[in-house]
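Have a look at data_8.cif below; it lists mmCIF, C-alpha atoms and all ligand atoms.
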data_entry
#
loop_
_atom_site.label_atom_id
_atom_site.label_comp_id
_atom_site.auth_asym_id
_atom_site.auth_seq_id
_atom_site.Cartn_x
_atom_site.Cartn_y
_atom_site.Cartn_z
CA MET Y 1 -31.23 16.38 18.13
CA SER Y 2 -33.79 14.79 15.82
CA ARG Y 3 -33.69 11.13 16.64
CA PRO Y 4 -37.06 10.03 15.19
CA ARG Y 5 -36.32 11.40 11.70
CA ALA Y 6 -32.90 9.81 11.59
CA ALA Y 7 -34.24 6.59 13.06
CA LYS Y 8 -36.26 5.89 9.97
CA TYR Y 9 -32.96 5.60 8.08
CA THR Y 10 -30.78 4.05 10.72
CA GLY Y 11 -33.06 1.56 12.45
CA TYR Y 12 -32.06 3.02 15.82
CA PRO Y 13 -29.95 2.08 17.67
CA ARG Y 14 -28.01 -0.40 15.55
CA VAL Y 15 -24.76 0.53 13.82
CA ARG Y 16 -23.54 -2.36 11.80
CA PHE Y 17 -20.06 -1.27 10.81
CA GLY Y 18 -17.44 1.32 11.74
CA SER Y 19 -14.13 1.89 10.02
CA ILE Y 20 -11.65 3.44 12.40
CA ILE Y 21 -8.86 5.30 10.64
CA THR Y 22 -6.41 5.53 13.51
CA THR Y 23 -3.72 7.48 11.66
CA TYR Y 24 -2.75 8.79 8.25
CA ARG Y 25 0.90 7.98 8.91
CA CYS Y 26 2.13 5.09 6.78
CA ASN Y 27 5.51 3.51 6.18
CA ALA Y 28 4.47 2.00 2.82
CA LYS Y 29 4.48 3.92 -0.44
CA CYS Y 30 1.86 2.13 -2.49
CA ASN Y 31 1.31 3.19 -6.08
CA MET Y 32 -2.48 3.28 -5.69
CA CYS Y 33 -2.60 5.29 -2.45
CA ASP Y 34 -0.90 8.57 -1.50
CA ILE Y 35 -1.92 8.61 2.16
CA TRP Y 36 1.75 8.28 3.10
CA GLN Y 37 2.38 11.72 1.58
CA HIS Y 38 -0.20 13.30 3.89
CA PRO Y 39 0.65 11.99 7.37
CA THR Y 40 -1.22 13.16 10.44
CA ASP Y 41 0.62 14.74 13.33
CA PRO Y 42 0.41 12.21 16.20
CA LYS Y 43 -0.56 15.08 18.49
CA THR Y 44 -3.80 15.54 16.50
CA GLU Y 45 -4.79 11.86 16.61
CA ILE Y 46 -7.60 11.04 19.01
CA GLY Y 47 -7.02 8.58 21.85
CA THR Y 48 -8.98 6.01 23.81
CA GLU Y 49 -10.98 8.63 25.71
CA VAL Y 50 -12.58 9.56 22.37
CA TYR Y 51 -12.84 6.02 21.00
CA SER Y 52 -14.73 5.04 24.14
CA LYS Y 53 -17.54 7.31 22.87
CA LEU Y 54 -18.08 5.11 19.80
CA PRO Y 55 -21.47 3.40 19.48
CA GLU Y 56 -22.05 -0.33 19.79
CA MET Y 57 -21.32 -1.97 16.43
CA ASP Y 58 -21.62 -5.36 14.82
CA ALA Y 59 -18.12 -5.05 13.36
CA ALA Y 60 -15.25 -2.58 13.32
CA ASN Y 61 -12.22 -2.32 11.09
CA VAL Y 62 -9.14 -0.72 12.65
CA THR Y 63 -7.13 0.76 9.83
CA GLY Y 64 -4.95 3.65 8.68
CA GLY Y 65 -2.50 4.63 7.21
CA GLU Y 66 -0.68 1.93 9.08
CA PRO Y 67 -2.35 1.31 12.47
CA PHE Y 68 0.75 -0.32 13.98
CA LEU Y 69 2.43 3.09 13.87
CA ARG Y 70 0.12 4.04 16.73
CA LYS Y 71 1.98 3.48 20.00
CA ASP Y 72 -1.34 3.06 21.78
CA LEU Y 73 -2.83 0.54 19.31
CA ASP Y 74 -3.20 -2.08 22.03
CA ASP Y 75 -5.28 0.36 24.12
CA ILE Y 76 -7.34 1.39 21.09
CA VAL Y 77 -8.08 -2.24 20.23
CA SER Y 78 -9.09 -2.95 23.82
CA VAL Y 79 -11.58 -0.06 23.74
CA VAL Y 80 -12.94 -0.91 20.28
CA LYS Y 81 -13.44 -4.52 21.36
CA GLU Y 82 -15.84 -3.26 24.01
CA ARG Y 83 -17.86 -1.43 21.35
CA ALA Y 84 -17.82 -3.97 18.49
CA LYS Y 85 -18.68 -7.65 18.38
CA ARG Y 86 -16.01 -8.25 15.77
CA VAL Y 87 -12.75 -6.32 15.30
CA VAL Y 88 -10.43 -6.76 12.33
CA ILE Y 89 -7.18 -4.87 11.88
CA SER Y 90 -5.93 -3.93 8.41
CA SER Y 91 -2.17 -3.57 8.16
CA ASN Y 92 0.64 -3.57 5.61
CA GLY Y 93 2.39 -6.37 7.51
CA TRP Y 94 5.67 -4.56 8.14
CA HIS Y 95 5.67 -4.55 11.95
CA VAL Y 96 6.31 -8.18 12.79
CA GLU Y 97 7.11 -7.91 16.50
CA LYS Y 98 4.35 -5.41 17.27
CA THR Y 99 1.76 -7.51 15.44
CA LEU Y 100 2.73 -10.72 17.17
CA ALA Y 101 2.75 -8.99 20.56
CA LEU Y 102 -0.76 -7.63 19.96
CA PHE Y 103 -2.09 -11.07 19.05
CA GLU Y 104 -0.31 -12.71 21.97
CA LYS Y 105 -2.49 -10.52 24.14
CA HIS Y 106 -5.77 -10.49 22.18
CA GLY Y 107 -5.57 -13.90 20.49
CA ASN Y 108 -8.70 -15.00 18.70
CA SER Y 109 -10.76 -12.07 19.93
CA ILE Y 110 -9.58 -10.01 16.93
CA GLY Y 111 -8.76 -10.62 13.27
CA LEU Y 112 -6.09 -9.42 10.87
CA ARG Y 113 -5.94 -8.73 7.14
CA LEU Y 114 -2.52 -8.00 5.71
CA SER Y 115 -2.31 -6.13 2.43
CA ILE Y 116 -0.15 -8.29 0.22
CA GLU Y 117 -0.19 -7.09 -3.35
CA GLY Y 118 1.37 -10.03 -5.14
CA LEU Y 119 4.26 -12.45 -5.01
CA PRO Y 120 7.43 -11.05 -3.38
CA LYS Y 121 8.73 -9.00 -6.31
CA THR Y 122 5.37 -7.52 -7.28
CA ASN Y 123 4.32 -6.84 -3.69
CA ASP Y 124 7.54 -5.04 -2.83
CA GLU Y 125 7.36 -2.98 -6.02
CA ILE Y 126 3.75 -1.93 -5.56
CA ARG Y 127 4.21 -1.12 -1.88
CA GLY Y 128 7.68 0.39 -2.17
CA MET Y 129 8.86 -1.83 0.69
CA ARG Y 130 11.84 -4.12 0.31
CA ASP Y 131 11.14 -7.46 2.02
CA GLY Y 132 7.56 -6.39 2.66
CA PHE Y 133 6.22 -9.74 1.43
CA ASP Y 134 8.61 -11.71 3.65
CA ARG Y 135 7.59 -9.81 6.74
CA ALA Y 136 3.87 -10.10 6.07
CA LEU Y 137 4.14 -13.82 5.39
CA ARG Y 138 6.15 -14.32 8.58
CA ILE Y 139 3.36 -12.65 10.55
CA LEU Y 140 0.69 -14.87 9.00
CA THR Y 141 2.60 -18.12 9.42
CA THR Y 142 3.53 -17.30 13.02
CA LEU Y 143 -0.05 -16.34 13.91
CA ASN Y 144 -1.19 -19.56 12.30
CA ARG Y 145 1.17 -21.54 14.58
CA MET Y 146 -0.17 -19.55 17.52
CA GLY Y 147 -3.65 -20.78 16.64
CA VAL Y 148 -5.06 -17.40 15.56
CA GLN Y 149 -7.89 -18.09 13.14
CA ASP Y 150 -9.30 -14.88 11.67
CA ILE Y 151 -6.25 -13.95 9.58
CA GLY Y 152 -5.66 -13.54 5.90
CA PHE Y 153 -4.55 -11.64 2.84
CA GLY Y 154 -6.01 -8.47 1.38
CA LEU Y 155 -5.15 -7.57 -2.20
CA THR Y 156 -6.09 -4.61 -4.40
CA ILE Y 157 -6.10 -5.91 -7.94
CA GLN Y 158 -4.63 -3.66 -10.65
CA ASP Y 159 -2.71 -4.11 -13.92
CA TRP Y 160 0.51 -4.69 -12.06
CA ASN Y 161 -0.65 -7.68 -10.01
CA ALA Y 162 -3.55 -9.12 -12.00
CA GLU Y 163 -1.62 -12.36 -12.60
CA ASP Y 164 -0.09 -12.56 -9.14
CA ALA Y 165 -3.50 -12.11 -7.53
CA LEU Y 166 -4.44 -15.59 -8.60
CA GLU Y 167 -1.26 -17.05 -7.08
CA LEU Y 168 -1.95 -15.20 -3.84
CA TYR Y 169 -5.51 -16.51 -3.78
CA SER Y 170 -4.22 -20.06 -4.23
CA LEU Y 171 -1.59 -19.54 -1.54
CA ALA Y 172 -4.21 -18.26 0.91
CA LYS Y 173 -6.41 -21.24 0.09
CA MET Y 174 -3.56 -23.70 0.65
CA MET Y 175 -2.79 -22.03 3.97
CA GLY Y 176 -6.46 -22.15 4.99
CA MET Y 177 -6.56 -18.36 5.30
CA GLU Y 178 -9.00 -15.69 4.21
CA PHE Y 179 -8.44 -13.83 0.94
CA ALA Y 180 -10.09 -10.41 0.69
CA SER Y 181 -10.03 -8.90 -2.78
CA ALA Y 182 -10.47 -5.27 -3.76
CA THR Y 183 -9.63 -3.13 -6.75
CA LEU Y 184 -8.59 0.41 -7.62
CA HIS Y 185 -10.64 3.37 -6.43
CA ASN Y 186 -10.01 7.08 -6.66
CA SER Y 187 -11.01 9.25 -3.70
CA PHE Y 188 -9.99 12.03 -1.33
CA TYR Y 189 -8.92 9.38 1.19
CA PHE Y 190 -6.34 7.86 -1.12
CA HIS Y 191 -5.37 11.35 -2.37
CA LYS Y 192 -5.67 9.80 -5.81
CA GLN Y 193 -7.70 10.65 -8.86
CA ASP Y 194 -5.35 9.01 -11.36
CA ASN Y 195 -5.60 5.33 -10.46
CA LYS Y 196 -6.28 3.68 -13.79
CA PHE Y 197 -6.35 0.39 -15.60
CA GLU Y 198 -4.51 0.11 -18.88
CA ASP Y 199 -6.36 -3.09 -19.54
CA THR Y 200 -8.97 -4.69 -17.32
CA ALA Y 201 -8.93 -8.04 -19.15
CA GLY Y 202 -6.30 -9.53 -16.81
CA ALA Y 203 -8.08 -8.42 -13.65
CA LEU Y 204 -11.44 -9.61 -14.98
CA LYS Y 205 -9.99 -12.98 -15.82
CA THR Y 206 -8.45 -13.36 -12.38
CA LEU Y 207 -11.60 -12.26 -10.56
CA HIS Y 208 -13.67 -14.59 -12.71
CA THR Y 209 -11.38 -17.55 -11.96
CA ILE Y 210 -11.46 -16.80 -8.24
CA ALA Y 211 -15.25 -16.43 -8.21
CA GLU Y 212 -15.75 -19.74 -10.03
CA ASP Y 213 -13.36 -21.46 -7.63
CA LEU Y 214 -15.05 -19.99 -4.56
CA LEU Y 215 -18.37 -21.38 -5.77
CA LYS Y 216 -16.86 -24.89 -5.63
CA SER Y 217 -16.10 -24.47 -1.92
CA LYS Y 218 -18.15 -26.20 0.75
CA ARG Y 219 -18.15 -23.04 2.91
CA PRO Y 220 -21.18 -20.74 2.40
CA LYS Y 221 -18.92 -17.81 3.30
CA ASP Y 222 -16.91 -18.52 0.14
CA TRP Y 223 -20.06 -18.49 -2.00
CA PHE Y 224 -20.82 -14.96 -0.82
CA ARG Y 225 -17.20 -14.05 -1.50
CA ALA Y 226 -17.79 -15.27 -5.05
CA TYR Y 227 -20.68 -12.81 -5.30
CA PHE Y 228 -18.44 -10.03 -3.95
CA ASN Y 229 -15.85 -10.86 -6.63
CA TYR Y 230 -18.59 -10.74 -9.24
CA GLY Y 231 -19.44 -7.29 -7.86
CA LEU Y 232 -15.80 -6.26 -8.40
CA MET Y 233 -16.04 -7.37 -12.02
CA ASN Y 234 -19.23 -5.36 -12.35
CA TYR Y 235 -17.49 -2.32 -10.83
CA LEU Y 236 -14.50 -2.69 -13.14
CA GLN Y 237 -16.87 -2.58 -16.08
CA GLY Y 238 -18.29 0.73 -14.81
CA ASN Y 239 -21.79 -0.52 -14.03
CA PRO Y 240 -24.13 0.56 -11.19
CA ARG Y 241 -23.62 -1.27 -7.90
CA LEU Y 242 -25.31 -4.62 -7.52
CA LEU Y 243 -26.59 -3.41 -4.15
CA PRO Y 244 -27.42 0.13 -3.05
CA CYS Y 245 -24.97 2.03 -0.87
CA ARG Y 246 -26.25 3.02 2.56
CA MET Y 247 -23.16 4.34 4.28
CA ALA Y 248 -23.99 6.80 7.10
CA HIS Y 249 -27.29 4.94 7.59
CA ASP Y 250 -25.81 2.07 9.57
CA ALA Y 251 -22.07 2.41 8.92
CA PHE Y 252 -19.50 5.16 9.21
CA PHE Y 253 -15.83 6.09 9.03
CA ILE Y 254 -13.97 8.02 11.71
CA GLU Y 255 -10.82 9.97 10.87
CA PRO Y 256 -7.72 10.26 13.09
CA ASN Y 257 -8.94 13.69 14.30
CA GLY Y 258 -12.37 12.35 15.26
CA ASP Y 259 -14.30 13.55 12.18
CA ILE Y 260 -17.22 11.25 11.32
CA MET Y 261 -17.80 10.59 7.60
CA PRO Y 262 -20.11 8.37 5.57
CA CYS Y 263 -17.26 6.68 3.73
CA ASN Y 264 -13.73 7.04 2.43
CA ALA Y 265 -14.59 6.79 -1.25
CA MET Y 266 -16.10 10.15 -2.13
CA ASP Y 267 -14.17 12.60 -4.29
CA LYS Y 268 -14.38 15.21 -1.56
CA LYS Y 269 -14.41 14.61 2.15
CA MET Y 270 -17.83 14.89 3.77
CA THR Y 271 -17.98 15.28 7.55
CA PHE Y 272 -21.09 15.28 9.70
CA GLY Y 273 -19.62 15.66 13.17
CA ASN Y 274 -16.56 15.21 15.35
CA LEU Y 275 -16.41 12.68 18.15
CA ARG Y 276 -13.72 14.60 20.02
CA THR Y 277 -16.06 17.52 20.60
CA GLU Y 278 -19.52 15.95 20.38
CA ALA Y 279 -21.43 13.00 21.80
CA TRP Y 280 -22.11 10.14 19.39
CA GLU Y 281 -25.88 10.55 19.51
CA ASP Y 282 -25.66 14.27 18.80
CA ILE Y 283 -23.67 13.43 15.67
CA TRP Y 284 -25.66 10.44 14.47
CA TYR Y 285 -29.10 12.04 14.86
CA SER Y 286 -28.12 15.49 13.62
CA GLN Y 287 -29.38 17.34 10.58
CA ASP Y 288 -25.85 17.12 9.14
CA ALA Y 289 -26.05 13.33 9.37
CA GLU Y 290 -29.30 13.38 7.42
CA THR Y 291 -27.70 15.59 4.79
CA ALA Y 292 -24.86 13.06 4.52
CA ARG Y 293 -27.39 10.23 4.16
CA GLU Y 294 -29.08 12.11 1.36
CA ALA Y 295 -25.69 12.56 -0.35
CA VAL Y 296 -25.04 8.84 -0.05
CA ARG Y 297 -28.42 7.89 -1.47
CA SER Y 298 -27.76 10.06 -4.50
CA CYS Y 299 -24.07 9.15 -4.87
CA GLU Y 300 -23.16 7.85 -8.30
CA LYS Y 301 -19.61 6.67 -7.67
CA ASN Y 302 -20.74 3.06 -7.62
CA CYS Y 303 -17.67 1.95 -5.74
CA TRP Y 304 -17.50 -1.64 -4.50
CA MET Y 305 -15.52 -1.95 -1.28
CA VAL Y 306 -16.18 -4.35 1.55
CA GLY Y 307 -16.98 -1.50 3.97
CA SER Y 308 -20.00 -0.38 1.98
CA VAL Y 309 -21.00 -3.81 0.65
CA SER Y 310 -20.85 -6.41 3.41
CA GLN Y 311 -23.75 -5.08 5.47
CA GLU Y 312 -25.85 -4.58 2.33
CA MET Y 313 -25.27 -8.23 1.42
CA LYS Y 314 -26.67 -9.20 4.81
CA LYS Y 315 -29.60 -6.78 4.70
CA ARG Y 316 -30.58 -7.64 1.12
CA ILE Y 317 -29.56 -11.26 1.24
CA HIS Y 318 -32.16 -12.23 -1.37
CA LYS Y 319 -29.98 -10.61 -4.05
CA PRO Y 320 -26.78 -12.60 -3.48
CA LEU Y 321 -28.94 -15.66 -2.79
CA ALA Y 322 -30.68 -15.33 -6.16
CA TRP Y 323 -27.24 -15.06 -7.81
CA LEU Y 324 -26.05 -18.13 -5.90
CA VAL Y 325 -29.06 -20.18 -6.90
CA LYS Y 326 -28.29 -19.37 -10.52
CA HIS Y 327 -24.55 -20.01 -10.39
CA LYS Y 328 -24.08 -22.45 -7.53
CA VAL Y 329 -27.26 -24.52 -7.63
CA PHE Y 330 -27.97 -24.45 -11.37
CA ARG Y 331 -24.25 -24.14 -12.26
CA LYS Y 332 -24.76 -21.40 -14.80
CA PRO Y 333 -21.28 -20.10 -15.74
CA ILE Y 334 -20.47 -16.61 -14.45
CA GLN Y 335 -20.55 -14.05 -17.25
CA VAL Y 336 -18.35 -10.98 -17.28
CA PRO Y 337 -20.76 -8.01 -16.99
CA ALA Y 338 -21.02 -5.75 -20.04
CA LEU Y 339 -18.79 -2.70 -20.29
CA ALA Y 340 -20.45 0.64 -19.49
CA GLN Y 341 -19.87 3.78 -21.53
CA HIS Y 342 -17.90 5.55 -18.80
CA HIS Y 343 -16.52 4.75 -15.37
CA PRO Y 344 -17.59 6.82 -12.36
CA ASN Y 345 -14.27 6.19 -10.64
CA TYR Y 346 -12.30 7.25 -13.75
CA ILE Y 347 -10.25 4.09 -13.68
CA LEU Y 348 -10.84 3.36 -17.34
CA ASP Y 349 -10.06 6.86 -18.60
CA ARG Y 350 -7.44 6.23 -21.24
CA GLY Y 351 -6.62 9.91 -21.57
CA GLY Y 352 -4.88 9.95 -18.19
CA PRO Y 353 -1.49 8.66 -17.09
CA PRO Y 354 -1.02 4.88 -17.08
CA ALA Y 355 -0.68 3.11 -13.77
CA ALA Y 356 3.07 2.67 -14.23
CA GLU Y 357 3.54 6.44 -14.23
CA THR Y 358 1.86 6.83 -10.90
CA MET Y 359 4.51 4.72 -9.20
CA HIS Y 360 6.71 6.66 -6.81
CA HIS Y 361 9.98 5.89 -8.52
CA GLU Y 362 12.09 8.37 -6.64
CA LEU Y 363 11.11 6.89 -3.29
CA LEU Y 364 11.69 3.28 -4.13
CA PRO Y 365 14.93 1.35 -3.59
CA LYS Y 366 17.21 1.56 -6.62
CA GLY Y 367 16.73 -1.97 -7.97
CA ILE Y 368 12.97 -1.74 -7.73
CA ARG Y 369 12.98 1.73 -9.35
CA LYS Y 370 14.75 0.29 -12.39
CA ARG Y 371 12.19 -2.48 -12.81
CA HIS Y 372 9.31 0.03 -12.62
CA ARG Y 373 10.70 1.96 -15.55
CA LYS Y 374 10.31 -1.07 -17.76
CA GLY Y 375 6.56 -0.47 -17.53
CA LEU Y 376 3.62 -2.78 -17.38
CA LYS Y 377 3.23 -5.94 -19.35
CA VAL Y 378 -0.02 -5.75 -21.25
CA GLU Y 379 -1.32 -8.91 -22.81
CA GLU Y 380 -1.19 -8.93 -26.57
CA ASN Y 381 -4.49 -8.94 -28.39
CA ALA Y 382 -6.33 -7.98 -25.20
CA ASP Y 383 -9.41 -6.03 -26.20
CA PRO Y 384 -10.84 -4.26 -23.16
CA ALA Y 385 -13.70 -2.93 -25.28
CA LYS Y 386 -14.99 -6.48 -25.52
CA PRO Y 387 -14.55 -7.99 -22.06
CA GLU Y 388 -17.15 -10.65 -22.76
CA GLN Y 389 -14.44 -12.34 -24.83
CA VAL Y 390 -12.21 -12.94 -21.83
CA GLU Y 391 -11.25 -16.59 -21.96
CA VAL Y 392 -11.84 -18.47 -18.76
S1 LIG V 1 -21.08 4.71 -3.46
FE1 LIG V 1 -21.21 4.78 -1.23
S2 LIG V 1 -19.17 4.24 -0.48
FE2 LIG V 1 -18.99 4.84 -2.65
S3 LIG V 1 -18.50 7.04 -2.61
FE3 LIG V 1 -20.72 6.83 -2.81
S4 LIG V 1 -21.47 6.94 -0.71
FE4 LIG V 1 -19.31 6.47 -0.59
#

Hey, can you dump this file as structure tokens for me?
Amino acid sequence: MSRPRAAKYTGYPRVRFGSIITTYRCNAKCNMCDIWQHPTDPKTEIGTEVYSKLPEMDAANVTGGEPFLRKDLDDIVSVVKERAKRVVISSNGWHVEKTLALFEKHGNSIGLRLSIEGLPKTNDEIRGMRDGFDRALRILTTLNRMGVQDIGFGLTIQDWNAEDALELYSLAKMMGMEFASATLHNSFYFHKQDNKFEDTAGALKTLHTIAEDLLKSKRPKDWFRAYFNYGLMNYLQGNPRLLPCRMAHDAFFIEPNGDIMPCNAMDKKMTFGNLRTEAWEDIWYSQDAETAREAVRSCEKNCWMVGSVSQEMKKRIHKPLAWLVKHKVFRKPIQVPALAQHHPNYILDRGGPPAAETMHHELLPKGIRKRHRKGLKVEENADPAKPEQVEV
């Protein structure tokens, strides 16, 4: 164990963020994620005796797959709550009764983000779940009546839902709920290397509109969300991250089998220990962990996901603050970042299959399947080579 060497990277003993992938089983069939085709065997999924070995964290995200497929989710949440100051569950919003029961017990001590990918038709098409929107909305409205506060929408913007994303944002705002935006990534975790945009103009326009609107808010949290949305625009244009990535330095992912990884966004899985067989400190201060940190520091994927961004925004707050002074205080309009020559996440590679062809037609209900075949609507005259011309 080489604690002092690792400490210079980690700031021993603080771990800011842990993403807990409880299972790779999933009942959704999203077009941008193939996890559902690679389910874990429940017998191989670690339980609370292993989760109790997790370090103390500022925040933890309990995710999947679909975490509500874990029969012991309540027990897992109880254990993770003891390790993390803040716990948020990410779910596809299908399991109404189970979700409500969990929040009846844990109330405002945990949060929830439901992946809703658009208005009802778009959401159900993207997720391959009939009535998926209805169920997710029922969960949110019921939790709202129950007085649960840390709840909201999570949306991954792509060609298919670029227009709907704005409606969802407005709906979340009207409901007084959080709206967490993301966009397409390719990685081993998603089992996808063919997520692509046909045309980023629609997504850029939506993200720009949301960012400008968030800046008008009276809540400082919304101003930083505006910066995050600007970071998404920057990512879509293929540019280097606005903030460095320091996964594995003070944040980690844990797989359903206990493997510890820097992140879920690399092309190939990188593991630097297993919590089932090792103690946390032996993993975190190991030579393998330092090798992973070196890989992160030299990683060029430039992804922009909340897991690898939120703690960097806090640590390097001068950067978002400088952006806010410019755009919030001096009201300088937000510009769409310039388009880079290539995209490290391949999402702008026009040689590959379009997003519509990555939909899982054969697994969708008949009516939805038919609508998929009609393909994507691409705005006429959109010129993704010149995103600066996006009208806002
Ligand atoms: S930029 Fe960071 S989060 Fe993205 S793949 Fe590289 S190490 Fe992982």

With only C-alpha atoms and all ligand atoms counted, collect every polymer residue having an atom within 9 Å of ligand LIG 1 (chain V); state the result as a PDB file with C-alpha atoms, keeping the file's coordinate frame.
ATOM      1  CA  SER Y 187     -11.010   9.250  -3.700  1.00  0.00           C
ATOM      2  CA  ARG Y 241     -23.620  -1.270  -7.900  1.00  0.00           C
ATOM      3  CA  PRO Y 244     -27.420   0.130  -3.050  1.00  0.00           C
ATOM      4  CA  CYS Y 245     -24.970   2.030  -0.870  1.00  0.00           C
ATOM      5  CA  ARG Y 246     -26.250   3.020   2.560  1.00  0.00           C
ATOM      6  CA  MET Y 247     -23.160   4.340   4.280  1.00  0.00           C
ATOM      7  CA  ALA Y 248     -23.990   6.800   7.100  1.00  0.00           C
ATOM      8  CA  PRO Y 262     -20.110   8.370   5.570  1.00  0.00           C
ATOM      9  CA  CYS Y 263     -17.260   6.680   3.730  1.00  0.00           C
ATOM     10  CA  ASN Y 264     -13.730   7.040   2.430  1.00  0.00           C
ATOM     11  CA  ALA Y 265     -14.590   6.790  -1.250  1.00  0.00           C
ATOM     12  CA  MET Y 266     -16.100  10.150  -2.130  1.00  0.00           C
ATOM     13  CA  ASP Y 267     -14.170  12.600  -4.290  1.00  0.00           C
ATOM     14  CA  ALA Y 292     -24.860  13.060   4.520  1.00  0.00           C
ATOM     15  CA  ARG Y 293     -27.390  10.230   4.160  1.00  0.00           C
ATOM     16  CA  ALA Y 295     -25.690  12.560  -0.350  1.00  0.00           C
ATOM     17  CA  VAL Y 296     -25.040   8.840  -0.050  1.00  0.00           C
ATOM     18  CA  ARG Y 297     -28.420   7.890  -1.470  1.00  0.00           C
ATOM     19  CA  SER Y 298     -27.760  10.060  -4.500  1.00  0.00           C
ATOM     20  CA  CYS Y 299     -24.070   9.150  -4.870  1.00  0.00           C
ATOM     21  CA  GLU Y 300     -23.160   7.850  -8.300  1.00  0.00           C
ATOM     22  CA  LYS Y 301     -19.610   6.670  -7.670  1.00  0.00           C
ATOM     23  CA  ASN Y 302     -20.740   3.060  -7.620  1.00  0.00           C
ATOM     24  CA  CYS Y 303     -17.670   1.950  -5.740  1.00  0.00           C
ATOM     25  CA  TRP Y 304     -17.500  -1.640  -4.500  1.00  0.00           C
ATOM     26  CA  MET Y 305     -15.520  -1.950  -1.280  1.00  0.00           C
ATOM     27  CA  GLY Y 307     -16.980  -1.500   3.970  1.00  0.00           C
ATOM     28  CA  SER Y 308     -20.000  -0.380   1.980  1.00  0.00           C
ATOM     29  CA  VAL Y 309     -21.000  -3.810   0.650  1.00  0.00           C
TER      30      VAL Y 309
END

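The two atoms in question, CA of Val50 (chain Y) and CA of Arg276 (chain Y), are spaced 5.7 Å apart.
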
Report, in Å with one decimal, the straight-line distance from CA of Ile110 (chain Y) to CA of Ile254 (chain Y). 19.3 Å

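One distance worth recording is that between CA of Lys315 (chain Y) and CA of His249 (chain Y), which is 12.3 Å.
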
I'd like the neighbourhood of Leu168 (chain Y) as number ranges by chain, where a residue qualifies if any of its atoms comes within 10 Å (using all atoms listed in the file), though same-chain residues fewer than 3 positions away should be ignored. Y: 116-119, 153-155, 161, 163-165, 171-174, 179

Judged by only C-alpha atoms, the minimum distance to Arg14 (chain Y) among Y:Lys29, Y:Arg83, Y:Arg145, Y:Lys269 is found for Y:Arg83

Counting all atoms listed in the file, which residues of region 223-254 of chain Y fall within 12 Å of region 60-75 of chain Y, and what is the closest atom pair for each with its distance in Å at one decimal, ordered by chain and rising number, as a Markdown table?
| residue | atom | partner | partner_atom | distance |
| --- | --- | --- | --- | --- |
| Y:Ala251 | CA | Y:Ala60 | CA | 9.5 |
| Y:Phe252 | CA | Y:Ala60 | CA | 9.7 |
| Y:Phe253 | CA | Y:Asn61 | CA | 9.4 |
| Y:Ile254 | CA | Y:Val62 | CA | 10.0 |

So which residues fall inside 12 Å of (-19.3, -9.2, 18.5) if we count all atoms listed in the file? Mind giving them as a ChimeraX atom specification? /Y:16-17,56-60,80-88,109-111

Measuring atom to atom with only C-alpha atoms, identify which of Y:Tyr230, Y:Thr48, Y:Asn345, Y:Leu54 is nearest to Gln193 (chain Y). Y:Asn345
